[in-house]
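Student: So that you have it, the file is entry-v9.cif, and it contains mmCIF, C-alpha atoms:
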```cif
data_work
#
loop_
_atom_site.label_atom_id
_atom_site.label_comp_id
_atom_site.auth_asym_id
_atom_site.auth_seq_id
_atom_site.Cartn_x
_atom_site.Cartn_y
_atom_site.Cartn_z
CA MET A 630 -67.85 18.87 1.91
CA HIS A 631 -65.15 20.27 4.14
CA HIS A 632 -64.12 16.74 5.04
CA PHE A 633 -63.85 15.83 1.36
CA VAL A 634 -61.67 18.87 0.67
CA GLN A 635 -59.34 17.80 3.46
CA GLN A 636 -59.11 14.31 1.99
CA ALA A 637 -58.45 15.71 -1.48
CA ALA A 638 -55.66 17.87 -0.07
CA ARG A 639 -54.12 14.81 1.57
CA PHE A 640 -54.38 12.96 -1.72
CA GLY A 641 -52.51 15.77 -3.45
CA VAL A 642 -49.75 15.63 -0.86
CA ALA A 643 -49.54 11.86 -1.25
CA VAL A 644 -49.20 12.09 -5.01
CA ALA A 645 -46.56 14.83 -4.67
CA LEU A 646 -44.55 12.73 -2.22
CA ILE A 647 -44.62 9.69 -4.46
CA ALA A 648 -43.73 11.78 -7.51
CA SER A 649 -40.80 13.35 -5.72
CA SER A 650 -39.46 9.97 -4.66
CA VAL A 651 -39.72 8.70 -8.23
CA ALA A 652 -37.98 11.84 -9.51
CA ALA A 653 -35.05 11.04 -7.22
CA GLN A 654 -34.28 7.98 -9.31
CA ALA A 655 -31.97 7.70 -12.30
CA ALA A 656 -30.84 10.73 -14.24
CA LEU A 657 -29.74 9.14 -17.52
CA ILE A 658 -27.57 11.02 -19.98
CA ASP A 659 -26.88 9.70 -23.49
CA ASN A 660 -23.80 10.31 -25.62
CA HIS A 661 -22.06 12.46 -23.03
CA VAL A 662 -18.48 11.34 -23.72
CA VAL A 663 -16.53 13.68 -25.98
CA VAL A 664 -13.45 12.58 -27.93
CA GLY A 665 -11.03 15.25 -29.08
CA PRO A 666 -7.42 16.39 -29.08
CA THR A 667 -5.49 16.25 -25.83
CA TYR A 668 -6.71 18.89 -23.43
CA ASN A 669 -3.50 20.88 -23.21
CA GLY A 670 -2.25 20.07 -26.70
CA VAL A 671 0.53 17.65 -25.76
CA GLY A 672 1.62 15.12 -28.35
CA ALA A 673 1.78 11.38 -28.10
CA LEU A 674 4.10 9.68 -25.64
CA PRO A 675 7.36 8.16 -26.99
CA GLY A 676 6.54 4.89 -28.70
CA TYR A 677 2.98 5.99 -29.47
CA GLU A 678 1.81 7.61 -32.66
CA GLN A 679 -1.39 9.52 -31.85
CA ALA A 680 -2.92 11.29 -28.86
CA TYR A 681 -6.53 12.08 -27.95
CA SER A 682 -8.54 12.99 -24.89
CA ILE A 683 -11.85 11.66 -23.65
CA ARG A 684 -14.11 13.87 -21.56
CA LEU A 685 -16.33 11.86 -19.21
CA GLY A 686 -19.23 14.16 -18.54
CA THR A 687 -21.51 16.97 -19.56
CA GLY A 688 -22.64 20.29 -18.23
CA SER A 689 -20.46 22.93 -16.67
CA TRP A 690 -16.84 22.48 -15.66
CA PRO A 691 -15.38 20.55 -13.89
CA PHE A 692 -15.44 17.12 -15.47
CA PRO A 693 -12.50 14.73 -15.93
CA TYR A 694 -10.43 14.51 -19.05
CA VAL A 695 -8.13 11.53 -19.65
CA ASP A 696 -5.51 11.64 -22.39
CA LEU A 697 -5.16 8.49 -24.52
CA HIS A 698 -2.06 7.58 -26.51
CA VAL A 699 -2.44 5.13 -29.38
CA ASP A 700 0.14 2.79 -30.88
CA ALA A 701 -1.21 1.82 -34.29
CA ALA A 702 1.41 -0.73 -35.32
CA THR A 703 2.37 -0.93 -38.98
CA GLY A 704 0.28 -3.42 -40.93
CA LYS A 705 -2.57 -3.53 -38.43
CA SER A 706 -5.96 -2.14 -39.34
CA SER A 707 -6.67 -1.07 -35.77
CA TYR A 708 -4.68 -0.13 -32.67
CA ALA A 709 -1.87 -2.22 -31.20
CA SER A 710 -1.91 -0.63 -27.72
CA ILE A 711 -3.59 2.27 -25.96
CA THR A 712 -2.22 3.80 -22.79
CA ALA A 713 -3.43 6.79 -20.80
CA THR A 714 -2.13 9.76 -18.87
CA PRO A 715 -4.01 12.22 -16.67
CA SER A 716 -4.84 15.53 -18.22
CA TYR A 717 -4.74 18.89 -16.52
CA LEU A 718 -8.35 18.50 -15.34
CA THR A 719 -8.27 14.90 -14.12
CA TYR A 720 -7.33 15.94 -10.59
CA VAL A 721 -10.76 17.39 -9.83
CA GLN A 722 -12.19 13.88 -9.54
CA SER A 723 -11.30 10.33 -8.59
CA VAL A 724 -11.67 8.39 -11.83
CA ASN A 725 -11.92 4.64 -12.44
CA ILE A 726 -12.06 3.24 -15.99
CA ALA A 727 -12.30 -0.46 -16.86
CA GLN A 728 -12.76 -2.67 -19.88
CA VAL A 729 -16.31 -4.00 -20.17
CA LYS A 730 -18.53 -6.11 -22.38
CA ALA A 731 -22.26 -5.91 -23.03
CA GLY A 732 -24.31 -6.46 -19.89
CA ASP A 733 -21.50 -5.97 -17.37
CA GLU A 734 -22.51 -4.24 -14.15
CA ILE A 735 -20.71 -0.91 -13.77
CA SER A 736 -21.00 -0.03 -10.10
CA ALA A 737 -18.89 0.85 -7.08
CA ARG A 738 -18.61 -2.87 -6.34
CA THR A 739 -17.44 -4.09 -9.74
CA LEU A 740 -15.07 -1.19 -10.26
CA THR A 741 -13.25 -1.91 -7.00
CA ASP A 742 -13.41 -5.69 -6.44
CA GLY A 743 -11.52 -6.75 -9.57
CA SER A 744 -14.60 -7.93 -11.45
CA LEU A 745 -13.69 -5.75 -14.44
CA PRO A 746 -10.22 -5.47 -16.03
CA SER A 747 -8.80 -2.14 -14.93
CA PHE A 748 -7.64 0.41 -17.48
CA VAL A 749 -7.19 3.68 -15.58
CA LYS A 750 -7.43 4.63 -11.91
CA VAL A 751 -6.95 8.15 -10.59
CA THR A 752 -7.47 7.65 -6.89
CA ALA A 753 -6.48 10.98 -5.36
CA PHE A 754 -4.84 14.30 -5.87
CA SER A 755 -3.05 15.49 -2.75
CA PHE A 756 -2.08 19.06 -2.00
CA GLN A 757 -0.63 17.90 1.31
CA GLN A 758 2.67 16.88 -0.30
CA PRO A 759 5.50 19.36 -0.98
CA GLN A 760 4.41 19.05 -4.59
CA PRO A 761 0.89 18.04 -5.71
CA VAL A 762 0.83 14.27 -6.25
CA GLU A 763 -1.69 12.50 -8.40
CA TYR A 764 -2.08 8.79 -7.72
CA PHE A 765 -2.47 7.45 -11.23
CA GLN A 766 -2.41 3.84 -12.41
CA VAL A 767 -2.85 2.52 -15.93
CA ASN A 768 -2.92 -0.93 -17.51
CA PRO A 769 -2.64 -0.42 -21.29
CA LEU A 770 -5.29 -1.84 -23.59
CA THR A 771 -3.73 -4.22 -26.08
CA SER A 772 -5.02 -5.79 -29.27
CA ALA A 773 -3.37 -9.09 -30.09
CA THR A 774 -4.40 -9.02 -33.72
CA GLY A 775 -4.96 -5.32 -34.30
CA THR A 776 -8.09 -6.04 -36.30
CA ASP A 777 -10.82 -5.16 -33.77
CA PRO A 778 -11.59 -1.44 -33.89
CA ASP A 779 -14.14 -1.41 -31.04
CA ILE A 780 -13.22 -0.41 -27.48
CA TYR A 781 -15.72 -0.77 -24.62
CA LEU A 782 -15.04 1.14 -21.42
CA GLY A 783 -16.99 1.46 -18.20
CA PHE A 784 -16.20 4.20 -15.72
CA SER A 785 -17.08 6.04 -12.57
CA TYR A 786 -15.94 9.35 -11.16
CA THR A 787 -16.60 11.34 -8.01
CA ASP A 788 -15.63 14.76 -6.73
CA THR A 789 -12.50 15.22 -4.63
CA GLN A 790 -14.41 14.29 -1.46
CA GLY A 791 -15.64 11.02 -2.99
CA LEU A 792 -19.18 12.39 -3.35
CA ASN A 793 -21.65 12.73 -6.24
CA PRO A 794 -20.65 9.58 -8.14
CA ALA A 795 -21.42 9.14 -11.82
CA TYR A 796 -21.40 5.75 -13.57
CA GLY A 797 -21.28 5.23 -17.30
CA TRP A 798 -19.92 3.45 -20.33
CA ALA A 799 -18.46 4.46 -23.66
CA HIS A 800 -18.24 2.57 -26.92
CA LEU A 801 -15.21 3.93 -28.76
CA ARG A 802 -13.85 2.94 -32.15
CA TYR A 803 -10.33 3.28 -33.51
CA THR A 804 -9.16 2.72 -37.05
CA GLN A 805 -5.97 3.96 -38.61
CA ALA A 806 -7.98 5.67 -41.34
CA ALA A 807 -10.46 7.53 -39.10
CA GLY A 808 -8.67 7.71 -35.75
CA LEU A 809 -10.51 7.53 -32.42
CA SER A 810 -14.23 8.32 -32.29
CA LEU A 811 -17.26 7.84 -30.06
CA VAL A 812 -19.95 5.40 -31.18
CA SER A 813 -22.28 5.78 -28.19
CA SER A 814 -22.32 6.24 -24.44
CA ALA A 815 -24.66 6.49 -21.46
CA MET A 816 -24.24 7.70 -17.88
CA THR A 817 -26.31 7.88 -14.71
CA THR A 818 -25.72 10.44 -11.99
CA SER A 819 -28.23 9.48 -9.33
CA ASP A 820 -28.48 5.70 -9.16
CA ALA A 821 -26.02 3.03 -8.04
CA GLY A 822 -24.71 2.13 -11.47
CA ILE A 823 -25.53 1.08 -15.03
CA PHE A 824 -25.23 -2.02 -17.22
CA ALA A 825 -22.65 -1.72 -19.99
CA LEU A 826 -23.87 -0.91 -23.49
CA THR A 827 -27.46 -0.46 -22.26
CA ARG A 828 -29.60 2.34 -20.88
CA ASN A 829 -30.58 0.18 -17.90
CA THR A 830 -29.54 1.68 -14.59
CA ILE A 831 -28.96 -0.12 -11.30
CA SER A 832 -31.27 1.35 -8.70
CA ALA A 833 -29.84 2.29 -5.34
CA VAL A 834 -31.38 0.81 -2.20
CA PRO A 835 -34.07 3.31 -1.14
CA GLU A 836 -33.03 5.51 1.75
CA ALA A 837 -35.16 5.49 4.88
CA SER A 838 -36.51 8.93 4.04
CA THR A 839 -37.55 7.79 0.56
CA THR A 840 -39.25 4.71 1.99
CA ALA A 841 -41.07 6.89 4.50
CA MET A 842 -42.23 9.21 1.71
CA TRP A 843 -43.67 6.24 -0.18
CA GLY A 844 -45.39 5.09 3.01
CA VAL A 845 -46.94 8.48 3.67
CA GLY A 846 -48.08 8.76 0.07
CA LEU A 847 -49.66 5.32 0.02
CA CYS A 848 -51.34 5.89 3.38
CA GLY A 849 -52.79 9.13 2.06
CA ILE A 850 -54.20 7.42 -1.03
CA MET A 851 -55.62 4.56 1.03
CA GLY A 852 -57.17 7.05 3.46
CA LEU A 853 -58.88 8.91 0.65
CA ALA A 854 -60.25 5.66 -0.79
CA ALA A 855 -61.61 4.68 2.65
CA ALA A 856 -63.25 8.11 3.05
CA ARG A 857 -64.98 7.76 -0.29
CA ARG A 858 -66.29 4.33 0.67
CA ARG A 859 -67.69 5.74 3.95
CA GLN A 860 -69.37 8.58 2.07
CA ARG A 861 -71.03 6.13 -0.33
CA SER A 862 -72.27 3.95 2.56
CA LEU A 863 -73.92 6.96 4.25
CA ARG A 864 -75.90 7.91 1.18
#
```
Render the structure in this file as structure tokens.

Tutor:
Amino acid sequence: MHHFVQQAARFGVAVALIASSVAAQAALIDNHVVVGPTYNGVGALPGYEQAYSIRLGTGSWPFPYVDLHVDAATGKSSYASITATPSYLTYVQSVNIAQVKAGDEISARTLTDGSLPSFVKVTAFSFQQPQPVEYFQVNPLTSATGTDPDIYLGFSYTDTQGLNPAYGWAHLRYTQAAGLSLVSSAMTTSDAGIFALTRNTISAVPEASTTAMWGVGLCGIMGLAAARRRQRSLR
């Protein structure tokens, strides 16, 4: 009986180890992007007619805001061009935003190797300069016909040390009648990325510690099964 209790305890540890390794996988958040007025209330840039901000995250501050400026050319039912500027809070992260289509991989690889058309990159904010310098690049989104209201963006952001990456996508819609709005979005904060316009995450390669946890858990379960077989054979 004592031996069985020991085996049961090992089984419990094995299950706990496996459960904890599974829990370390994707943390998926739906509809986390928020569209609103520019963070600090600034108006549209010269040559643009409207200004908005998009907030790429949930929970407590900080999370990045990016200000968008829309040129809705006369006679077009949608936007003509959208450019971006950093908001007051963008500096707390490195931010990378790209144009995507359904099924595109949004990961550290695709956001840096040119696989996806770049929209916004905020690569650093340096306090080492005489004046704080934000390294900000933008390639405006353009609509040749001005009749497609849907905008698909993939993004990633990290903290100022390049840690704690988040990967996500946002389906935005712009019409001259309704302005800019969010249709849907999804983000993962613990895996290696996500596929655009889906809730399917890209699993990171298991760390050695995670693999070891799985091994210990499986060994524990196998050991308990073997002990039960021995007990049955002795009866």

Student: Determine the residue membership of the PyMOL selection byres ((chain A and resi 664) around 12) for the file above and supply it as a ChimeraX atom specification.

Tutor: /A:660-663,665-668,680-686,694-697,799-803,808-814

Student: A:Leu674, A:Leu782, A:Ala656, A:Ala701: which is nearest Gln805 (chain A), counting only C-alpha atoms?

Tutor: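 For Gln805 (chain A), the nearest of the given residues is A:Ala701.
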
Student: Which residue is closest to Val724 (chain A)? Choose from A:Ala737, A:Leu745, A:Leu657, A:Ile780 and count all atoms listed in the file.

Tutor: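 Closest to Val724 (chain A) of all the choices is A:Ala737.
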
Student: Expanded to explicit residues, what is the PyMOL selection byres ((chain A and resi 729) around 8) for this file, as a list of chain:residue names?

Tutor: A:Ala727, A:Gln728, A:Lys730, A:Ala731, A:Asp733, A:Leu745, A:Pro746, A:Tyr781, A:Leu782, A:Gly783, A:Ala825

Student: Determine the nearest neighbour of Thr827 (chain A) from the options A:Glu734, A:Asp777, A:Ile726, A:Ser707, counting all atoms listed in the file.

Tutor: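 Smallest separation from Thr827 (chain A) among the options: A:Glu734.
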
Student: Compare A:Val671, A:Pro693, A:Tyr677, A:Tyr708 by their minimum atom-to-atom distance to Thr771 (chain A), counting all atoms listed in the file, and give me the closest one.

Tutor: A:Tyr708

Student: With distances taken over all atoms listed in the file, which residue among A:Ser716, A:Ser706, A:Ser785, A:Thr818 lies nearest Ser832 (chain A)?

Tutor: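 Nearest to Ser832 (chain A): A:Thr818.
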
Student: To one decimal place, how far is CA of Phe748 (chain A) from CA of Tyr764 (chain A) in Å?

Tutor: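 Distance reported for this atom pair: 14.0 Å.
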
Student: For Pro778 (chain A), which residue among A:Ala807, A:Leu792, A:Ile831, A:Pro675 is the nearest when counting only C-alpha atoms?

Tutor: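 Using only C-alpha atoms, the shortest distance to Pro778 (chain A) belongs to A:Ala807.
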
Student: Show which residues sit within 10 Å of region 765-768 of chain A, as a compact mmCIF listing (two decimals) with C-alpha atoms, in the frame of the given file. Count all atoms listed in the file, and ignore same-chain residues fewer than 6 positions away.

Tutor:
```
# COMPACT_ATOMS: atom_id res chain seq x y z
CA ILE A 711 -3.59 2.27 -25.96
CA THR A 712 -2.22 3.80 -22.79
CA ALA A 713 -3.43 6.79 -20.80
CA THR A 714 -2.13 9.76 -18.87
CA PRO A 715 -4.01 12.22 -16.67
CA THR A 719 -8.27 14.90 -14.12
CA TYR A 720 -7.33 15.94 -10.59
CA SER A 723 -11.30 10.33 -8.59
CA VAL A 724 -11.67 8.39 -11.83
CA ASN A 725 -11.92 4.64 -12.44
CA ILE A 726 -12.06 3.24 -15.99
CA ALA A 727 -12.30 -0.46 -16.86
CA PRO A 746 -10.22 -5.47 -16.03
CA SER A 747 -8.80 -2.14 -14.93
CA PHE A 748 -7.64 0.41 -17.48
CA VAL A 749 -7.19 3.68 -15.58
CA LYS A 750 -7.43 4.63 -11.91
CA VAL A 751 -6.95 8.15 -10.59
CA THR A 752 -7.47 7.65 -6.89
CA ALA A 753 -6.48 10.98 -5.36
CA PHE A 754 -4.84 14.30 -5.87
```

Student: By how many Å are CA of Ala773 (chain A) and CA of Ala673 (chain A) apart?

Tutor: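 It comes out at 21.2 Å.
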
Student: Find the distance between CA of Met816 (chain A) and CA of Thr739 (chain A) and write it in Å to one decimal.

Tutor: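 CA of Thr739 (chain A) lies at a distance of 15.9 Å from CA of Met816 (chain A).
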
Student: Determine the axis-aligned bounding box of all atoms of region 677-688 of chain A present in the file, pad each side by 3 Å, and express its centre and edge lengths in Å to one decimal place as lines of an AutoDock Vina configuration file.

Tutor:
```
center_x = -9.8
center_y = 13.1
center_z = -25.4
size_x = 31.6
size_y = 20.3
size_z = 20.4
```
